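Q: This is the structure I have questions about; it appears just below.
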Amino acid sequence: MFSIDYLNDALTPWVIVIVGVVISAVVLYILKKLIMHRLRKLTSETRYMLDSLMVYALSLPLTVFAVACLLMVVEALLNYTGLLANTGQAYGDTLIKILLIMAVILFVDRITMGFIGEQAERHENFKNSKTILKGISRGIIICIGALVLLGTLGISVTPIVASLGITSLAVALALQPTLENFFSGVQMVIDKPIRVGDFIEIESGEQGFVDKIGWRSTWIRMLPNNTIIMPNSELSNSKIINYFYPEKELSVPVEVGVHYSSDLEHVERVTLEVAREILVSHEWGVDDYETFVVYTAFADSSINFTVMLRAKEYFNRFWVKSAFIKALHKRYAEEGIVIPYPIRALNTRQESATFTPPITDI
């Protein structure tokens, strides 16, 4: 009987703690869901970006804050039941402080990352520098948060800050290639020789679309759908042709040759009619472009000229040129305009040959 009463007396405090923790956890979970649901409903009725961003950033930090609140409840219950020692209370208070600081750091980090991502969708400058800005911002937030956390734990941050000068020199020497790539990326973001989405050609001859300008490397997606990953330092020192700068539209020259007996005025008129028709009807042609013909040479077999077309993007020029060549070939056949084959004339009189039989002794 004594042992049963003793067991009941020993179990009662733990039952109180366990029941209290379970009830508190359920209440905190329901409160978080209700708060987030209400906030999402309120922000969905507004047209502002910042309030929706704050609700997005609040979700995970609120969970961490709820865990800290639950630890406070546990600590209070253990104190009430007399199960918590002084050492355990000190550790509990420290853990609660760490969780609260982490909640603040998470909130600031998420709202900063969300703001940069949102601005990247609206402004070209943020789009090009999104990756680098996120890296720099996250590094600053983590460093400041770590210093605040160390100060909260009673660790003096003054010696740490003082030693950063010597440490940073050693780190800079050890990470020289990485830092060179990082600052080359920052330079490209500021100078903007290329932007995300641009179609470029680098000095080694590869062509492709810029997918990402990172803090260490730039990703270029080639036309076969593979990717070149170039260090920023090499790309910044390379010659680059940007086919999207200053604008995406570009001229498409087409070389044509007609027979020497052709009426050149008639040839030019027919060619321009076909060119204008293609530019208006083709989905990638620039319909308001004033196309023109320039005669360039008296070639060996034909009179050559260049027709200047206009495409909306570099990648579209192949289809515009192909459609124009097919339409021009058909129209020339209807108009009787001849595109000659290469011709070579042999002047046998000028280059006559005389056969002389060999002399033999009889």
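Chains: A, B, ... in order of the structure tokens. Residues: from 1 per chain. Ligands: from 1, in order shown.
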Report as a list in words all protein, DNA and RNA residues lying within 8 Å of Val73 (chain A), evaluated on only C-alpha atoms, omitting residues in the same chain fewer than 4 positions from it.
A: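 My list of contacting residues is Gly20, Val21, Ser24, Cys69 and Leu77 of chain A.
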Q: Write out, as an mmCIF file, in the first residue's frame, the residues just selected, with N, CA, C and O atoms.
A:
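Saved result, out.cif, follows:
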```
data_model
loop_
_atom_site.group_PDB
_atom_site.id
_atom_site.type_symbol
_atom_site.label_atom_id
_atom_site.label_comp_id
_atom_site.auth_asym_id
_atom_site.auth_seq_id
_atom_site.Cartn_x
_atom_site.Cartn_y
_atom_site.Cartn_z
ATOM 1 N N GLY A 20 -0.017 19.057 -19.394
ATOM 2 C CA GLY A 20 0.111 20.493 -19.658
ATOM 3 C C GLY A 20 0.854 20.777 -20.950
ATOM 4 O O GLY A 20 0.468 21.676 -21.714
ATOM 5 N N VAL A 21 1.915 19.999 -21.220
ATOM 6 C CA VAL A 21 2.687 20.193 -22.470
ATOM 7 C C VAL A 21 1.831 19.851 -23.682
ATOM 8 O O VAL A 21 1.826 20.585 -24.686
ATOM 9 N N SER A 24 -0.811 22.540 -24.167
ATOM 10 C CA SER A 24 -0.164 23.773 -24.638
ATOM 11 C C SER A 24 0.243 23.650 -26.101
ATOM 12 O O SER A 24 0.081 24.600 -26.882
ATOM 13 N N CYS A 69 7.724 29.336 -26.810
ATOM 14 C CA CYS A 69 6.621 29.472 -25.850
ATOM 15 C C CYS A 69 6.326 28.144 -25.161
ATOM 16 O O CYS A 69 6.032 28.101 -23.946
ATOM 17 N N LEU A 77 5.819 24.586 -15.698
ATOM 18 C CA LEU A 77 5.231 23.383 -15.107
ATOM 19 C C LEU A 77 6.239 22.635 -14.245
ATOM 20 O O LEU A 77 5.909 22.116 -13.169
#
```
Q: Can you pull out every residue within 7 Å of region 44-59 of chain A, counting only C-alpha atoms, but drop anything in the same chain fewer than 5 positions away, and send it as a PyMOL selection string?
A: chain A and resi 39+107+110-111+114
Q: Can you write out the residues you just picked, keeping N, CA and C atoms, as a PDB file, in the first residue's frame?
A:
```pdb
ATOM      1  N   LEU A  39      -4.342  36.315 -41.246  1.00  0.00           N
ATOM      2  CA  LEU A  39      -3.429  37.247 -41.916  1.00  0.00           C
ATOM      3  C   LEU A  39      -3.460  37.054 -43.436  1.00  0.00           C
ATOM      4  N   PHE A 107      12.984  35.588 -39.589  1.00  0.00           N
ATOM      5  CA  PHE A 107      12.014  36.546 -40.125  1.00  0.00           C
ATOM      6  C   PHE A 107      12.713  37.585 -41.012  1.00  0.00           C
ATOM      7  N   ARG A 110      13.993  35.835 -44.304  1.00  0.00           N
ATOM      8  CA  ARG A 110      12.940  35.483 -45.254  1.00  0.00           C
ATOM      9  C   ARG A 110      12.316  36.710 -45.901  1.00  0.00           C
ATOM     10  N   ILE A 111      12.133  37.774 -45.116  1.00  0.00           N
ATOM     11  CA  ILE A 111      11.524  38.972 -45.708  1.00  0.00           C
ATOM     12  C   ILE A 111      12.510  39.657 -46.657  1.00  0.00           C
ATOM     13  N   GLY A 114      12.642  37.400 -49.822  1.00  0.00           N
ATOM     14  CA  GLY A 114      11.386  37.574 -50.562  1.00  0.00           C
ATOM     15  C   GLY A 114      11.317  38.914 -51.264  1.00  0.00           C
TER      16      GLY A 114
END
```
Q: Using only C-alpha atoms, tabulate the residues of region 288-315 of chain A lying at most 12 Å from any atom of region 271-275 of chain A, each with its closest atom pair and that distance in Å to one decimal, by chain and increasing residue number, as a Markdown table.
A:
```
| residue | atom | partner | partner_atom | distance |
| --- | --- | --- | --- | --- |
| A:Asp288 | CA | A:Ala275 | CA | 11.7 |
| A:Tyr289 | CA | A:Ala275 | CA | 10.1 |
| A:Glu290 | CA | A:Leu272 | CA | 9.5 |
| A:Thr291 | CA | A:Leu272 | CA | 7.0 |
| A:Phe292 | CA | A:Leu272 | CA | 6.7 |
| A:Val293 | CA | A:Leu272 | CA | 7.3 |
| A:Val294 | CA | A:Leu272 | CA | 11.1 |
| A:Phe305 | CA | A:Thr271 | CA | 10.6 |
| A:Thr306 | CA | A:Thr271 | CA | 10.3 |
| A:Val307 | CA | A:Thr271 | CA | 7.9 |
| A:Met308 | CA | A:Ala275 | CA | 8.5 |
| A:Leu309 | CA | A:Ala275 | CA | 7.0 |
| A:Arg310 | CA | A:Ala275 | CA | 9.7 |
| A:Ala311 | CA | A:Ala275 | CA | 11.9 |
```
Q: Pick the closest to Ala299 (chain A) from A:Ile343, A:Val64, A:Ile141, A:Leu78: which is it, counting only C-alpha atoms?
A: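 Ranked by minimum distance to Ala299 (chain A), first place goes to A:Ile343.
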Q: Env of Ser233 (chain A): 7 Å cut, atoms = only C-alpha atoms, seq-sep filter 4 positions within chain, self excluded. Answer as a PyMOL selection string.
A: chain A and resi 180-181+184+237
Q: Using only C-alpha atoms, which of the listed residues (A:Gly117, A:Gly92, A:Ala103, A:Asp109) sits closest to Ile140 (chain A)?
A: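 Closest to Ile140 (chain A) of all the choices is A:Asp109.
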Q: If we count only C-alpha atoms, what is near region 321-336 of chain A at a cut-off of 12 Å, once residues fewer than 2 positions away on the same chain are taken out, given as a PyMOL selection string?
A: chain A and resi 251-259+261-263+266-285+307-311+314-319+338-340
Q: Taking only region 212-353 of chain A into account, list the residues labelled alpha helix (DSSP H) by DSSP (computed from the backbone), as a count of residues only.
A: 42
Q: Give me the residues within 10 Å of Thr227 (chain A) as JSON, numbers by chain, counting only C-alpha atoms and dropping any in the same chain fewer than 4 places off.
A: {"A": [208, 209, 210, 211, 218, 219, 220, 221, 222, 223]}
Q: I need the chosen residues saved as a PDB file, in the first residue's frame, with all heavy atoms.
A:
```pdb
ATOM      1  N   GLY A 208      24.796  31.256 -76.411  1.00  0.00           N
ATOM      2  CA  GLY A 208      23.704  30.768 -75.583  1.00  0.00           C
ATOM      3  C   GLY A 208      23.028  31.886 -74.814  1.00  0.00           C
ATOM      4  O   GLY A 208      23.426  33.054 -74.873  1.00  0.00           O
ATOM      5  N   PHE A 209      21.968  31.499 -74.089  1.00  0.00           N
ATOM      6  CA  PHE A 209      21.204  32.438 -73.270  1.00  0.00           C
ATOM      7  C   PHE A 209      21.771  32.455 -71.851  1.00  0.00           C
ATOM      8  O   PHE A 209      22.094  31.399 -71.292  1.00  0.00           O
ATOM      9  CB  PHE A 209      19.730  32.030 -73.220  1.00  0.00           C
ATOM     10  CG  PHE A 209      19.020  32.149 -74.536  1.00  0.00           C
ATOM     11  CD1 PHE A 209      18.926  31.070 -75.398  1.00  0.00           C
ATOM     12  CD2 PHE A 209      18.446  33.356 -74.912  1.00  0.00           C
ATOM     13  CE1 PHE A 209      18.270  31.180 -76.612  1.00  0.00           C
ATOM     14  CE2 PHE A 209      17.786  33.473 -76.120  1.00  0.00           C
ATOM     15  CZ  PHE A 209      17.704  32.394 -76.979  1.00  0.00           C
ATOM     16  N   VAL A 210      21.869  33.640 -71.261  1.00  0.00           N
ATOM     17  CA  VAL A 210      22.349  33.774 -69.885  1.00  0.00           C
ATOM     18  C   VAL A 210      21.230  33.353 -68.945  1.00  0.00           C
ATOM     19  O   VAL A 210      20.178  34.007 -68.877  1.00  0.00           O
ATOM     20  CB  VAL A 210      22.796  35.223 -69.589  1.00  0.00           C
ATOM     21  CG1 VAL A 210      23.278  35.333 -68.142  1.00  0.00           C
ATOM     22  CG2 VAL A 210      23.899  35.656 -70.549  1.00  0.00           C
ATOM     23  N   ASP A 211      21.436  32.263 -68.230  1.00  0.00           N
ATOM     24  CA  ASP A 211      20.422  31.759 -67.300  1.00  0.00           C
ATOM     25  C   ASP A 211      20.576  32.353 -65.905  1.00  0.00           C
ATOM     26  O   ASP A 211      19.583  32.656 -65.245  1.00  0.00           O
ATOM     27  CB  ASP A 211      20.511  30.230 -67.209  1.00  0.00           C
ATOM     28  CG  ASP A 211      19.611  29.540 -68.208  1.00  0.00           C
ATOM     29  OD1 ASP A 211      18.830  30.250 -68.886  1.00  0.00           O
ATOM     30  OD2 ASP A 211      19.681  28.311 -68.335  1.00  0.00           O
ATOM     31  N   THR A 218      28.807  32.147 -63.997  1.00  0.00           N
ATOM     32  CA  THR A 218      27.668  32.518 -64.831  1.00  0.00           C
ATOM     33  C   THR A 218      27.263  31.302 -65.656  1.00  0.00           C
ATOM     34  O   THR A 218      28.109  30.625 -66.244  1.00  0.00           O
ATOM     35  CB  THR A 218      28.030  33.685 -65.754  1.00  0.00           C
ATOM     36  OG1 THR A 218      28.369  34.824 -64.965  1.00  0.00           O
ATOM     37  CG2 THR A 218      26.862  34.041 -66.668  1.00  0.00           C
ATOM     38  N   TRP A 219      25.971  31.033 -65.709  1.00  0.00           N
ATOM     39  CA  TRP A 219      25.439  29.857 -66.408  1.00  0.00           C
ATOM     40  C   TRP A 219      24.870  30.317 -67.752  1.00  0.00           C
ATOM     41  O   TRP A 219      23.999  31.179 -67.797  1.00  0.00           O
ATOM     42  CB  TRP A 219      24.361  29.174 -65.577  1.00  0.00           C
ATOM     43  CG  TRP A 219      24.871  28.636 -64.262  1.00  0.00           C
ATOM     44  CD1 TRP A 219      25.730  29.245 -63.399  1.00  0.00           C
ATOM     45  CD2 TRP A 219      24.538  27.376 -63.673  1.00  0.00           C
ATOM     46  NE1 TRP A 219      25.956  28.463 -62.304  1.00  0.00           N
ATOM     47  CE2 TRP A 219      25.246  27.304 -62.431  1.00  0.00           C
ATOM     48  CE3 TRP A 219      23.729  26.321 -64.041  1.00  0.00           C
ATOM     49  CZ2 TRP A 219      25.146  26.206 -61.594  1.00  0.00           C
ATOM     50  CZ3 TRP A 219      23.624  25.229 -63.198  1.00  0.00           C
ATOM     51  CH2 TRP A 219      24.331  25.169 -62.003  1.00  0.00           C
ATOM     52  N   ILE A 220      25.364  29.698 -68.829  1.00  0.00           N
ATOM     53  CA  ILE A 220      24.947  30.045 -70.187  1.00  0.00           C
ATOM     54  C   ILE A 220      24.352  28.802 -70.837  1.00  0.00           C
ATOM     55  O   ILE A 220      25.026  27.781 -70.988  1.00  0.00           O
ATOM     56  CB  ILE A 220      26.139  30.568 -71.022  1.00  0.00           C
ATOM     57  CG1 ILE A 220      26.787  31.765 -70.325  1.00  0.00           C
ATOM     58  CG2 ILE A 220      25.697  30.938 -72.426  1.00  0.00           C
ATOM     59  CD1 ILE A 220      28.097  32.206 -70.967  1.00  0.00           C
ATOM     60  N   ARG A 221      23.067  28.877 -71.184  1.00  0.00           N
ATOM     61  CA  ARG A 221      22.377  27.741 -71.811  1.00  0.00           C
ATOM     62  C   ARG A 221      22.502  27.840 -73.325  1.00  0.00           C
ATOM     63  O   ARG A 221      22.003  28.771 -73.951  1.00  0.00           O
ATOM     64  CB  ARG A 221      20.908  27.710 -71.392  1.00  0.00           C
ATOM     65  CG  ARG A 221      20.096  26.577 -72.014  1.00  0.00           C
ATOM     66  CD  ARG A 221      18.751  26.458 -71.328  1.00  0.00           C
ATOM     67  NE  ARG A 221      18.110  27.737 -71.187  1.00  0.00           N
ATOM     68  CZ  ARG A 221      17.358  28.303 -72.153  1.00  0.00           C
ATOM     69  NH1 ARG A 221      17.181  27.687 -73.315  1.00  0.00           N
ATOM     70  NH2 ARG A 221      16.790  29.477 -71.944  1.00  0.00           N
ATOM     71  N   MET A 222      23.176  26.851 -73.931  1.00  0.00           N
ATOM     72  CA  MET A 222      23.424  26.854 -75.368  1.00  0.00           C
ATOM     73  C   MET A 222      22.185  26.368 -76.122  1.00  0.00           C
ATOM     74  O   MET A 222      21.244  25.821 -75.533  1.00  0.00           O
ATOM     75  CB  MET A 222      24.643  25.990 -75.691  1.00  0.00           C
ATOM     76  CG  MET A 222      25.921  26.445 -74.996  1.00  0.00           C
ATOM     77  SD  MET A 222      27.326  25.354 -75.327  1.00  0.00           S
ATOM     78  CE  MET A 222      27.543  25.617 -77.085  1.00  0.00           C
ATOM     79  N   LEU A 223      22.205  26.547 -77.441  1.00  0.00           N
ATOM     80  CA  LEU A 223      21.055  26.166 -78.255  1.00  0.00           C
ATOM     81  C   LEU A 223      20.761  24.666 -78.220  1.00  0.00           C
ATOM     82  O   LEU A 223      19.591  24.272 -78.273  1.00  0.00           O
ATOM     83  CB  LEU A 223      21.282  26.627 -79.706  1.00  0.00           C
ATOM     84  CG  LEU A 223      21.382  28.145 -79.908  1.00  0.00           C
ATOM     85  CD1 LEU A 223      21.551  28.468 -81.387  1.00  0.00           C
ATOM     86  CD2 LEU A 223      20.166  28.853 -79.350  1.00  0.00           C
TER      87      LEU A 223
END
```
Q: Would you compute the distance between CA of Ile23 (chain A) and CA of Ile105 (chain A)? Give it in Å to one decimal.
A: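 Computing the Euclidean distance for CA of Ile23 (chain A) and CA of Ile105 (chain A) yields 28.2 Å.
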Q: Would you kindly return, as a ChimeraX atom specification, each protein, DNA or RNA residue with an atom no farther than 12 Å from any atom of Glu234 (chain A), considering only C-alpha atoms and excluding same-chain residues fewer than 2 positions away?
A: /A:177,180-185,188,202-204,216-218,229-232,236-240
Q: One decimal, in Å: what's the spacing between CA of Glu265 (chain A) and CA of Asn304 (chain A)?
A: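 Here the two named atoms are 13.6 Å from each other.
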Q: So which residues of region 77-317 of chain A fall under strand (DSSP E) by DSSP, listed as a ChimeraX atom specification?
A: /A:199-202,207-213,217-222,227-231,240-242,250-258,292-298,303-311
Q: Using only C-alpha atoms, pick whichever of A:Val67, A:Met72, A:Leu62, A:Ile101 has the shortest atom-to-atom distance to Ile35 (chain A).
A: A:Leu62
